[in-house]
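Dumped upload.txt below, it's compact mmCIF, C-alpha atoms and all ligand atoms:
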# COMPACT_ATOMS: atom_id res chain seq x y z
CA MET A 1 0.00 0.00 0.00
CA THR A 2 1.41 3.44 -0.88
CA ALA A 3 1.46 6.17 1.75
CA SER A 4 1.17 9.92 1.48
CA ARG A 5 1.70 12.59 4.16
CA HIS A 6 0.10 16.02 4.04
CA LEU A 7 1.01 19.03 6.11
CA ILE A 8 -1.70 21.56 6.99
CA GLY A 9 -0.52 24.99 8.12
CA LEU A 10 -2.55 27.27 10.38
CA LEU A 11 -1.82 30.96 10.00
CA LEU A 12 -3.32 32.41 13.14
CA GLY A 13 -3.97 35.65 14.93
CA THR A 14 -5.14 35.55 18.53
CA GLU A 15 -7.50 32.60 18.39
CA GLU A 16 -6.79 29.45 20.35
CA ASP A 17 -10.18 27.69 20.53
CA TRP A 18 -10.84 26.49 17.00
CA PRO A 19 -7.17 25.68 16.22
CA ARG A 20 -7.04 23.41 19.27
CA ALA A 21 -10.30 21.79 18.22
CA PHE A 22 -9.08 21.38 14.65
CA GLU A 23 -5.77 19.84 15.72
CA GLU A 24 -7.53 17.45 18.09
CA ILE A 25 -10.15 16.25 15.59
CA LEU A 26 -7.51 15.78 12.89
CA ARG A 27 -5.39 13.75 15.32
CA ARG A 28 -8.33 11.59 16.37
CA VAL A 29 -9.39 10.96 12.76
CA GLY A 30 -5.91 9.58 11.99
CA PRO A 31 -4.85 8.29 8.58
CA VAL A 32 -7.44 8.08 5.81
CA ALA A 33 -7.73 5.64 2.91
CA GLY A 34 -7.87 7.25 -0.51
CA THR A 35 -8.69 5.70 -3.84
CA GLY A 36 -6.26 3.10 -5.13
CA GLY A 37 -5.42 1.99 -1.60
CA THR A 38 -3.17 4.95 -0.76
CA ARG A 39 -2.97 5.70 2.95
CA HIS A 40 -3.05 9.44 3.70
CA ALA A 41 -1.68 10.81 6.96
CA PHE A 42 -2.06 14.39 8.14
CA ASP A 43 0.12 16.67 10.20
CA CYS A 44 -0.83 20.12 11.35
CA GLU A 45 1.45 22.99 12.33
CA ARG A 46 1.00 26.59 13.33
CA ILE A 47 2.93 28.75 10.89
CA THR A 48 5.55 31.15 12.21
CA ILE A 49 6.48 34.39 10.54
CA GLU A 50 10.07 34.76 9.39
CA PRO A 51 12.12 35.95 6.43
CA PHE A 52 11.62 33.80 3.34
CA SER A 53 13.32 33.55 0.02
CA LEU A 54 10.83 33.85 -2.82
CA ARG A 55 12.32 30.62 -4.18
CA ASP A 56 11.89 28.64 -0.92
CA HIS A 57 9.59 25.68 -1.24
CA PRO A 58 7.00 25.74 1.57
CA ARG A 59 6.47 22.48 3.43
CA TYR A 60 2.70 22.99 3.57
CA ASN A 61 0.18 21.42 1.22
CA LEU A 62 -2.74 23.46 2.51
CA VAL A 63 -2.98 26.61 4.64
CA ILE A 64 -5.95 27.96 6.59
CA ASP A 65 -5.33 31.69 6.82
CA ARG A 66 -6.80 33.89 9.55
CA LEU A 67 -4.14 36.55 9.57
CA ALA A 68 -3.26 37.93 6.18
CA TYR A 69 -6.25 40.25 5.97
CA TRP A 70 -4.35 42.63 8.25
CA TYR A 71 -0.75 41.34 8.47
CA TYR A 72 1.03 41.90 5.17
CA HIS A 73 4.19 39.84 5.61
CA PRO A 74 2.31 36.53 5.80
CA ARG A 75 -0.04 37.80 3.08
CA GLU A 76 2.89 38.14 0.70
CA TRP A 77 4.14 34.72 1.76
CA LEU A 78 0.73 33.29 0.89
CA LYS A 79 0.78 34.94 -2.53
CA LYS A 80 4.19 33.45 -3.21
CA ALA A 81 3.02 30.02 -1.97
CA ALA A 82 -0.04 30.22 -4.23
CA LEU A 83 1.74 31.48 -7.34
CA MET A 84 4.96 29.53 -7.13
CA ASN A 85 4.09 26.39 -5.24
CA GLY A 86 0.39 25.70 -5.82
CA VAL A 87 -0.33 25.52 -2.07
CA TYR A 88 -4.08 25.17 -1.43
CA LEU A 89 -5.38 28.18 0.50
CA LEU A 90 -8.50 28.83 2.55
CA ASN A 91 -8.83 31.60 1.41
CA SER A 92 -6.54 32.92 -1.28
CA PRO A 93 -5.18 36.46 -0.76
CA PHE A 94 -5.85 37.10 -4.43
CA THR A 95 -9.51 37.38 -3.52
CA PHE A 96 -8.90 40.02 -0.84
CA GLN A 97 -9.36 42.85 -3.26
CA SER A 98 -12.98 41.83 -3.44
CA MET A 99 -13.24 41.23 0.27
CA GLU A 100 -14.67 44.65 0.80
CA LYS A 101 -18.43 44.71 0.70
CA HIS A 102 -18.50 46.93 -2.35
CA ALA A 103 -17.16 44.49 -4.95
CA ALA A 104 -19.35 41.75 -3.56
CA TYR A 105 -22.44 43.99 -3.80
CA CYS A 106 -21.62 44.81 -7.42
CA ALA A 107 -21.09 41.20 -8.41
CA MET A 108 -24.25 39.98 -6.71
CA MET A 109 -26.34 42.81 -8.19
CA ARG A 110 -25.20 41.84 -11.66
CA LEU A 111 -26.15 38.24 -10.91
CA GLY A 112 -29.67 39.47 -10.12
CA LEU A 113 -29.75 39.04 -6.34
CA LYS A 114 -31.98 41.31 -4.27
CA VAL A 115 -29.23 43.52 -2.88
CA PRO A 116 -30.96 46.61 -1.39
CA GLU A 117 -30.50 49.92 -3.22
CA THR A 118 -26.96 51.14 -2.42
CA VAL A 119 -25.09 54.38 -3.21
CA LEU A 120 -21.39 55.08 -2.62
CA VAL A 121 -20.70 58.70 -1.61
CA PRO A 122 -17.29 60.42 -1.69
CA TYR A 123 -15.17 60.85 1.44
CA LYS A 124 -16.37 63.39 3.95
CA ASN A 125 -12.86 64.47 4.98
CA PRO A 126 -9.95 65.10 2.64
CA VAL A 127 -7.88 62.06 1.76
CA ASP A 128 -4.38 62.22 3.22
CA ASN A 129 -2.52 62.85 -0.01
CA ALA A 130 -0.71 65.97 -1.22
CA ARG A 131 -2.56 65.79 -4.56
CA TYR A 132 -6.04 65.62 -3.03
CA ALA A 133 -6.83 69.34 -2.68
CA TYR A 134 -6.13 70.11 -6.33
CA THR A 135 -7.90 67.02 -7.64
CA ALA A 136 -10.94 67.50 -5.43
CA ALA A 137 -11.25 71.20 -6.24
CA ARG A 138 -11.09 70.42 -9.92
CA TYR A 139 -13.05 67.21 -10.23
CA ASN A 140 -15.23 66.56 -7.17
CA ARG A 141 -18.78 67.49 -8.12
CA PRO A 142 -20.88 69.04 -5.35
CA PHE A 143 -23.74 66.76 -4.31
CA ASP A 144 -26.75 66.93 -2.03
CA LEU A 145 -26.60 64.11 0.49
CA GLY A 146 -30.21 64.76 1.55
CA THR A 147 -31.52 64.27 -2.00
CA ILE A 148 -29.65 60.97 -2.35
CA ALA A 149 -31.11 59.77 0.94
CA GLU A 150 -34.63 60.87 -0.07
CA ARG A 151 -34.27 58.92 -3.29
CA ILE A 152 -33.23 55.76 -1.42
CA GLY A 153 -35.87 56.39 1.27
CA TYR A 154 -35.64 56.30 5.06
CA PRO A 155 -34.74 54.33 7.09
CA LEU A 156 -31.38 53.54 5.61
CA PHE A 157 -27.98 52.35 6.73
CA MET A 158 -24.73 54.23 6.38
CA LYS A 159 -21.75 51.90 6.53
CA PRO A 160 -18.17 51.69 5.26
CA TYR A 161 -17.70 50.19 1.80
CA ASP A 162 -15.18 47.76 3.27
CA GLY A 163 -16.80 47.32 6.68
CA GLY A 164 -16.57 44.61 9.27
CA ALA A 165 -17.26 44.14 12.97
CA TRP A 166 -19.96 46.79 12.86
CA ARG A 167 -17.36 49.57 12.54
CA GLY A 168 -18.98 52.84 11.50
CA VAL A 169 -22.44 51.33 10.87
CA SER A 170 -25.47 53.51 11.66
CA ARG A 171 -29.18 53.19 11.08
CA ILE A 172 -30.59 56.49 9.87
CA SER A 173 -34.19 57.64 10.13
CA ASN A 174 -34.09 61.32 9.16
CA PRO A 175 -31.95 64.08 7.58
CA ALA A 176 -30.48 65.20 10.93
CA GLU A 177 -29.14 61.70 11.64
CA LEU A 178 -27.96 61.47 8.05
CA HIS A 179 -25.79 64.58 8.27
CA ALA A 180 -24.50 63.73 11.74
CA ALA A 181 -23.42 60.26 10.57
CA TYR A 182 -21.77 61.61 7.43
CA ASP A 183 -19.91 64.25 9.45
CA GLN A 184 -18.62 61.50 11.71
CA SER A 185 -17.57 59.22 8.85
CA GLY A 186 -14.39 61.28 8.45
CA GLU A 187 -11.88 59.35 6.36
CA MET A 188 -14.13 56.31 5.89
CA LEU A 189 -15.70 55.75 2.48
CA MET A 190 -19.43 55.18 2.98
CA HIS A 191 -22.33 53.42 1.37
CA LEU A 192 -25.89 54.51 1.93
CA GLN A 193 -28.11 51.45 1.77
CA LYS A 194 -31.86 51.08 1.98
CA ALA A 195 -32.88 49.37 5.21
CA VAL A 196 -34.68 46.08 4.73
CA ASP A 197 -37.64 45.58 7.02
CA TYR A 198 -37.21 41.89 7.75
CA ASP A 199 -38.85 39.04 9.67
CA VAL A 200 -35.72 36.97 10.29
CA PHE A 201 -32.00 37.36 9.86
CA ALA A 202 -30.33 34.26 8.44
CA ARG A 203 -26.59 34.01 8.64
CA SER A 204 -24.97 31.14 6.79
CA LEU A 205 -21.49 29.77 7.28
CA SER A 206 -20.05 27.89 4.33
CA ILE A 207 -17.01 25.65 4.50
CA GLY A 208 -16.23 24.09 1.15
CA ALA A 209 -19.19 21.99 0.08
CA GLU A 210 -21.24 22.44 3.26
CA THR A 211 -23.37 25.33 4.48
CA MET A 212 -24.99 25.87 7.87
CA VAL A 213 -27.85 28.37 7.98
CA MET A 214 -28.36 29.89 11.43
CA ARG A 215 -30.87 32.32 12.88
CA PHE A 216 -29.00 35.45 13.84
CA GLN A 217 -30.07 38.12 16.33
CA PRO A 218 -27.88 41.16 15.66
CA ASP A 219 -29.27 43.18 18.57
CA GLN A 220 -28.15 40.58 21.14
CA PRO A 221 -24.71 40.42 22.79
CA MET A 222 -22.19 38.27 20.88
CA HIS A 223 -22.75 35.07 22.85
CA LEU A 224 -26.52 35.14 22.16
CA ARG A 225 -26.50 36.20 18.52
CA TYR A 226 -26.76 32.71 17.06
CA ALA A 227 -30.04 31.16 18.15
CA VAL A 228 -30.49 27.39 18.15
CA ASP A 229 -33.48 27.08 15.86
CA HIS A 230 -33.80 24.44 13.18
CA GLU A 231 -37.09 25.39 11.53
CA PHE A 232 -37.03 29.16 11.22
CA LEU A 233 -37.11 29.34 7.42
CA SER A 234 -39.41 27.74 4.87
CA PRO A 235 -37.62 25.00 2.87
CA GLN A 236 -37.72 27.33 -0.15
CA ALA A 237 -36.11 30.29 1.66
CA GLY A 238 -33.60 27.97 3.38
CA SER A 239 -32.49 26.59 0.04
CA GLU A 240 -32.23 30.11 -1.41
CA VAL A 241 -30.00 31.21 1.49
CA VAL A 242 -27.72 28.22 0.87
CA THR A 243 -27.59 28.96 -2.86
CA ILE A 244 -26.71 32.61 -2.23
CA GLY A 245 -23.90 31.73 0.19
CA ARG A 246 -22.40 29.19 -2.19
CA LEU A 247 -22.84 31.51 -5.16
CA VAL A 248 -20.83 34.26 -3.46
CA ASN A 249 -18.18 31.75 -2.49
CA SER A 250 -17.78 30.07 -5.83
CA PHE A 251 -17.82 33.45 -7.58
CA PHE A 252 -14.95 34.80 -5.47
CA ARG A 253 -13.41 31.38 -4.78
CA TRP A 254 -13.85 31.66 -1.05
CA GLU A 255 -14.08 28.33 0.71
CA PHE A 256 -14.58 29.62 4.24
CA ASN A 257 -16.99 32.52 4.44
CA SER A 258 -20.16 33.71 6.12
CA CYS A 259 -23.09 35.39 4.41
CA GLU A 260 -25.83 37.56 5.92
CA THR A 261 -29.31 37.61 4.46
CA LEU A 262 -32.52 39.27 5.62
CA VAL A 263 -35.71 37.36 4.98
CA LYS A 264 -39.08 39.07 4.64
CA GLY A 265 -41.96 36.75 3.78
CA SER A 266 -40.59 34.66 0.92
CA GLU A 267 -38.05 37.28 -0.21
CA VAL A 268 -34.34 36.89 0.60
CA TYR A 269 -32.14 40.00 0.64
CA PRO A 270 -28.38 39.51 0.95
CA ILE A 271 -26.72 42.40 2.85
CA ASP A 272 -23.21 41.28 3.79
CA TYR A 273 -21.32 38.39 2.31
CA ALA A 274 -17.66 39.30 2.18
CA ASN A 275 -16.56 37.79 5.49
CA ALA A 276 -13.74 35.59 4.26
CA CYS A 277 -12.19 35.36 7.70
CA PRO A 278 -15.48 34.40 9.40
CA ASP A 279 -16.11 34.27 13.10
CA VAL A 280 -15.81 30.66 14.26
CA ALA A 281 -15.23 31.36 17.94
CA LEU A 282 -16.59 28.80 20.37
CA THR A 283 -18.11 31.62 22.41
CA SER A 284 -20.18 32.91 19.48
CA LEU A 285 -20.93 29.72 17.51
CA HIS A 286 -21.48 27.53 20.64
CA TYR A 287 -23.97 24.82 19.50
CA TYR A 288 -22.72 25.11 15.90
CA PHE A 289 -19.01 25.01 16.80
CA PRO A 290 -18.60 21.18 16.51
CA TRP A 291 -20.21 21.25 13.06
CA ALA A 292 -17.89 24.07 11.92
CA ILE A 293 -14.63 22.49 13.02
CA ARG A 294 -15.62 19.00 11.90
CA THR A 295 -16.49 20.41 8.48
CA LEU A 296 -13.22 22.31 8.28
CA VAL A 297 -11.34 19.06 8.94
CA LYS A 298 -13.47 17.15 6.42
CA TRP A 299 -12.99 19.76 3.71
CA CYS A 300 -9.20 19.92 4.23
CA VAL A 301 -8.89 16.12 4.16
CA PHE A 302 -11.09 15.88 1.05
CA THR A 303 -9.10 18.57 -0.70
CA LEU A 304 -5.75 16.96 0.03
CA VAL A 305 -6.68 13.34 -0.62
CA THR A 306 -8.50 14.06 -3.89
CA GLU A 307 -5.81 16.53 -4.99
CA ARG A 308 -8.33 19.29 -5.60
CA ARG A 309 -6.42 22.07 -7.36
CA PRO A 310 -6.55 25.72 -6.28
CA LYS A 311 -7.69 28.13 -8.98
CA LEU A 312 -6.47 31.71 -9.09
CA ASP A 313 -8.62 33.01 -11.92
CA LEU A 314 -12.27 33.75 -11.23
CA GLU A 315 -13.80 32.74 -14.58
CA THR A 316 -16.69 35.10 -13.86
CA ASP A 317 -18.30 34.55 -17.27
CA ARG A 318 -19.78 31.25 -16.06
CA PHE A 319 -21.99 33.27 -13.74
CA PHE A 320 -22.48 36.37 -15.86
CA GLU A 321 -23.92 34.29 -18.70
CA VAL A 322 -26.73 33.32 -16.34
CA GLY A 323 -27.04 36.71 -14.64
CA ASP A 324 -27.20 38.60 -17.93
CA ASP A 325 -29.79 36.30 -19.54
CA PRO A 326 -32.98 38.42 -19.95
CA ASP A 327 -35.14 35.34 -20.57
CA MET A 328 -34.45 33.61 -17.27
CA THR A 329 -36.61 34.19 -14.20
CA TYR A 330 -35.06 34.78 -10.78
CA GLN A 331 -35.84 31.20 -9.75
CA GLU A 332 -34.35 29.80 -12.96
CA LYS A 333 -31.20 31.80 -12.30
CA LEU A 334 -31.00 30.49 -8.73
CA ASP A 335 -31.35 26.92 -10.02
CA ALA A 336 -28.64 27.49 -12.61
CA TYR A 337 -26.32 29.06 -10.00
CA ARG A 338 -26.89 26.15 -7.66
CA LYS A 339 -25.81 23.70 -10.38
CA LEU A 340 -22.67 25.75 -11.04
CA THR A 341 -21.78 26.14 -7.37
CA ASP A 342 -22.41 22.53 -6.44
CA SER A 343 -20.32 21.42 -9.36
CA TYR A 344 -17.55 23.87 -8.40
CA PHE A 345 -17.54 22.61 -4.81
CA GLU A 346 -17.90 18.97 -5.96
CA VAL A 347 -20.77 18.48 -3.53
CA ASP A 348 -21.64 14.91 -4.64
CA ARG A 349 -18.03 13.75 -4.76
CA TYR A 350 -17.40 15.31 -1.34
CA GLN A 351 -20.39 13.52 0.18
CA ASP A 352 -19.30 10.18 -1.29
CA PHE A 353 -15.78 10.77 -0.06
CA CYS A 354 -16.95 11.51 3.48
CA GLN A 355 -19.04 8.35 3.52
CA THR A 356 -16.30 6.07 2.29
CA SER A 357 -13.12 7.65 3.67
CA LEU A 358 -14.36 9.42 6.83
CA PRO A 359 -17.19 7.09 7.94
CA HIS A 360 -16.59 7.56 11.67
CA ILE A 361 -15.86 11.27 11.89
CA ASP A 362 -19.29 12.13 13.33
CA GLU A 363 -18.86 9.63 16.19
CA ILE A 364 -15.28 10.81 16.75
CA VAL A 365 -16.38 14.42 17.11
CA LEU A 366 -19.37 13.53 19.28
CA ASP A 367 -17.18 11.45 21.57
CA TRP A 368 -14.69 14.30 21.86
CA VAL A 369 -17.28 17.03 22.54
CA ALA A 370 -18.96 14.85 25.19
CA GLY A 371 -15.67 14.23 26.99
CA PRO A 372 -13.28 16.01 29.39
CA ASN A 373 -10.81 17.18 26.74
CA PHE A 374 -13.47 19.41 25.16
CA ASP A 375 -14.64 20.66 28.54
CA ARG A 376 -11.04 21.77 29.23
CA LEU A 377 -11.06 23.71 25.97
CA LEU A 378 -14.39 25.31 26.90
CA ILE A 379 -13.09 26.41 30.31
CA ASP A 380 -9.80 27.74 28.89
CA THR A 381 -11.69 29.66 26.20
CA VAL A 382 -14.05 31.29 28.69
CA ARG A 383 -11.13 32.22 30.96
CA SER A 384 -9.23 33.87 28.15
CA THR A 385 -12.31 35.67 26.78
CA TYR A 386 -14.26 37.06 29.75
CA PRO A 387 -13.41 38.82 33.03
CA ALA A 388 -13.10 36.59 36.12
CA HIS A 389 -16.49 37.47 37.61
CA GLU A 390 -18.24 36.18 34.48
CA HIS A 391 -16.40 32.84 34.18
CA ASP A 392 -18.97 30.71 36.01
CA LYS A 393 -21.86 32.22 34.08
CA PHE A 394 -20.28 31.64 30.67
CA ILE A 395 -18.99 28.16 31.49
CA ALA A 396 -22.53 27.15 32.49
CA HIS A 397 -24.00 28.86 29.42
CA LEU A 398 -21.66 27.09 26.99
CA ARG A 399 -21.89 23.74 28.76
CA GLY A 400 -25.67 23.97 28.44
CA LEU A 401 -25.58 24.67 24.70
CA LEU A 402 -22.90 22.08 23.95
CA GLY A 403 -24.77 19.57 26.11
CA LEU A 404 -27.81 20.22 23.96
CA TRP A 405 -25.71 19.60 20.84
CA VAL A 406 -24.44 16.31 22.30
CA ARG A 407 -28.02 15.19 22.97
CA ASP A 408 -29.26 16.22 19.51
CA GLU A 409 -26.26 14.68 17.77
CA THR A 410 -26.58 11.43 19.71
CA GLY A 411 -30.23 11.27 18.62
CA ARG A 412 -29.32 12.02 15.01
CA LEU A 413 -26.59 9.38 14.82
CA HIS A 414 -28.73 6.72 16.49
CA ALA A 415 -31.65 7.49 14.21
CA THR A 416 -29.62 6.80 11.07
N1 LIG B 501 -29.68 47.19 4.48
C1 LIG B 501 -29.86 46.80 5.73
N2 LIG B 501 -31.12 46.57 6.21
C2 LIG B 501 -31.34 46.19 7.50
N3 LIG B 501 -30.35 46.02 8.39
C3 LIG B 501 -29.08 46.26 7.99
C4 LIG B 501 -28.78 46.65 6.64
N4 LIG B 501 -27.45 46.82 6.55
C5 LIG B 501 -26.95 46.54 7.77
N5 LIG B 501 -27.92 46.22 8.64
C6 LIG B 501 -27.76 45.89 10.07
O1 LIG B 501 -26.51 46.36 10.54
C7 LIG B 501 -25.66 45.28 10.91
C8 LIG B 501 -24.23 45.57 10.49
O2 LIG B 501 -24.18 45.78 9.10
P1 LIG B 501 -23.13 45.00 8.20
O3 LIG B 501 -23.25 43.53 8.41
O4 LIG B 501 -23.28 45.45 6.81
O5 LIG B 501 -21.77 45.55 8.83
P2 LIG B 501 -20.52 44.79 9.40
O6 LIG B 501 -19.59 45.85 9.83
O7 LIG B 501 -20.10 43.77 8.40
O8 LIG B 501 -21.05 44.02 10.67
P3 LIG B 501 -20.74 42.49 11.09
O9 LIG B 501 -19.30 42.39 11.36
O10 LIG B 501 -21.63 42.31 12.30
O11 LIG B 501 -21.18 41.64 9.95
C9 LIG B 501 -26.26 44.06 10.25
O12 LIG B 501 -25.97 42.89 10.98
C10 LIG B 501 -27.75 44.38 10.28
O13 LIG B 501 -28.29 44.11 11.56
MG MG B 502 -22.21 42.03 8.66

Would you mind writing the structure in this file as structure tokens?
Amino acid sequence: MTASRHLIGLLLGTEEDWPRAFEEILRRVGPVAGTGGTRHAFDCERITIEPFSLRDHPRYNLVIDRLAYWYYHPREWLKKAALMNGVYLLNSPFTFQSMEKHAAYCAMMRLGLKVPETVLVPYKNPVDNARYAYTAARYNRPFDLGTIAERIGYPLFMKPYDGGAWRGVSRISNPAELHAAYDQSGEMLMHLQKAVDYDVFARSLSIGAETMVMRFQPDQPMHLRYAVDHEFLSPQAGSEVVTIGRLVNSFFRWEFNSCETLVKGSEVYPIDYANACPDVALTSLHYYFPWAIRTLVKWCVFTLVTERRPKLDLETDRFFEVGDDPDMTYQEKLDAYRKLTDSYFEVDRYQDFCQTSLPHIDEIVLDWVAGPNFDRLLIDTVRSTYPAHEHDKFIAHLRGLLGLWVRDETGRLHAT
């Protein structure tokens, strides 16, 4: 029997919870049988940052990146590893340019999605550049912010074109709030976007060929934002939310991304879907954390064993041909996108692979989450996240939710 070893690199910022979970699940899964009888073993290392020659050959076959969106030395290392060495990246830094909301809005509008009306207005304060004053005096056209807002209609949201973590987001109900928010925007470049009056907020997390749709409560504190609720969308809306998440991801070649959609009646409005370093913290995902880390392990193993190749070019025409077709209805477009995305993510092949090569992973993860090793991780995570007087409260809160997951998962596995 031939043997193959694969090294997975983790490029990390401050997080400790999901990397520990990932390392542990990968270790417990052990070697995996591929086609042709090859035995595949996996190692996992946390990547350190150091000088590198552009001609060095990295030891990693796949890298999960959580750092390069703000730290440029490892970002350049990733680009080199992608261009020169074909290392598989979740996600590729070549897609960062579209990681601001703006490019994603544009692409999804062209594809016919129900992105709310959105206008980009020029900077409020001068840009820090010696050429700005001359250029602005000569070419910036005066505009009436109030008229733009009237045209969109109140209420609306003002938010940075490249936002994240709720920075600079405000909900605006009248002209006074509009001008106050614009005055405060300073050097940030802002969108005005029509507010969607919604029934439920669905946030989906996609990892490769799998998507989890969760009910999200943005007005709650972080640890309560994801609600455990399995039936909050109609099957039709649920499927549309999955399609939209996968469409964004296959369009930009993101394999690890979250997507926010607002659902009103049977209509689904995507509002934020460029989160290619998504929150997977145990303290926010709680009940959904085991699914997320298990799926991350499954997708990495699938990718490495089947030698899935990374693609740097976006091949956007595949999608534009559908989006630009005047004879297709919205539903027909969604169906066509779903075919394209599921083929891009090899959904059927992935499911077959998981059944034949990872048949016990669900039991392995359940056994781990139900045991003392996971409880240690939970306690350590709470201690490093919250002040001392809140430790007991959050340990009990998370134990309750993870206990619920263990009960549900035990039922699911015994039912099948
Ligand atoms: N068009 C809209 N209609 C209704 N609510 C909106 C709209 N745009 C934004 N919001 C609300 O404001 C919140 C933050 O907006 P958005 O997601 O665009 O910013 P963000 O900085 O990416 O925040 P986060 O990091 O929480 O995703 C959303 O979660 C939602 O509750
Ligand atoms: Mg958001």

Q: Using only C-alpha atoms, pick whichever of A:Ile361, A:Leu111, A:Leu285, A:Leu312 has the shortest atom-to-atom distance to Glu332 of chain A.
A: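 The shortest atom-to-atom distance to Glu332 of chain A comes from A:Leu111.
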
Q: Tell me which protein, DNA and RNA residues are within 9 Å of Gly112 of chain A, counting all atoms listed in the file, leaving out same-chain ones fewer than 5 positions away, and put them as a list of chain:residue names.
A: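 Listed by chain and then number, they are A:Ala107, A:Gly323, A:Asp324, A:Tyr330, A:Lys333.
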
(Q) Using all atoms listed in the file for the distances, tell me which of A:Gly186, A:Pro326, A:Gly403, A:Pro175 is nearest to Lys124 of chain A. (A)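 Answer, going by the shortest atom-to-atom distance: A:Gly186.
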
Q | Env. residues ligand LIG 501 (chain B) / 8 Å / only C-alpha atoms and all ligand atoms / as number ranges by chain | A | A: 101, 116, 156-160, 163-171, 193-198, 201, 217-219, 260, 262, 271-272, 275

Q. Rounded to one decimal in Å, what is the spacing between atom CA of Thr2 of chain A and atom CA of Arg39 of chain A?
A.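 Atom-to-atom, atom CA of Thr2 of chain A to atom CA of Arg39 of chain A, that is 6.2 Å.
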
Centre and edge lengths of an axis-aligned box around all listed atoms of segment 161-170 of chain A, with 8 Å added on each side, are to be given in Å to one decimal, as JSON.
{"center_x": -20.3, "center_y": 48.8, "center_z": 7.4, "size_x": 26.3, "size_y": 25.4, "size_z": 27.2}

Q: Name the residues in contact with Ile8 of chain A at a cut-off of 6 Å, using only C-alpha atoms, excluding same-chain residues fewer than 6 positions from it; report them as a list in words.
A: Cys44, Tyr60, Leu62 and Val63 of chain A

Pull the neighbourhood of (-14.8, 20.9, -5.0) for me: all residues within 9 Å in file coordinates, counting only C-alpha atoms, as an mmCIF file with C-alpha atoms, in the coordinates of the input.
data_model
loop_
_atom_site.group_PDB
_atom_site.id
_atom_site.type_symbol
_atom_site.label_atom_id
_atom_site.label_comp_id
_atom_site.auth_asym_id
_atom_site.auth_seq_id
_atom_site.Cartn_x
_atom_site.Cartn_y
_atom_site.Cartn_z
ATOM 1 C CA GLY A 208 -16.230 24.090 1.150
ATOM 2 C CA ALA A 209 -19.190 21.990 0.080
ATOM 3 C CA TRP A 299 -12.990 19.760 3.710
ATOM 4 C CA PHE A 302 -11.090 15.880 1.050
ATOM 5 C CA THR A 303 -9.100 18.570 -0.700
ATOM 6 C CA ARG A 308 -8.330 19.290 -5.600
ATOM 7 C CA ARG A 309 -6.420 22.070 -7.360
ATOM 8 C CA ASP A 342 -22.410 22.530 -6.440
ATOM 9 C CA SER A 343 -20.320 21.420 -9.360
ATOM 10 C CA TYR A 344 -17.550 23.870 -8.400
ATOM 11 C CA PHE A 345 -17.540 22.610 -4.810
ATOM 12 C CA GLU A 346 -17.900 18.970 -5.960
ATOM 13 C CA VAL A 347 -20.770 18.480 -3.530
ATOM 14 C CA ARG A 349 -18.030 13.750 -4.760
ATOM 15 C CA TYR A 350 -17.400 15.310 -1.340
#
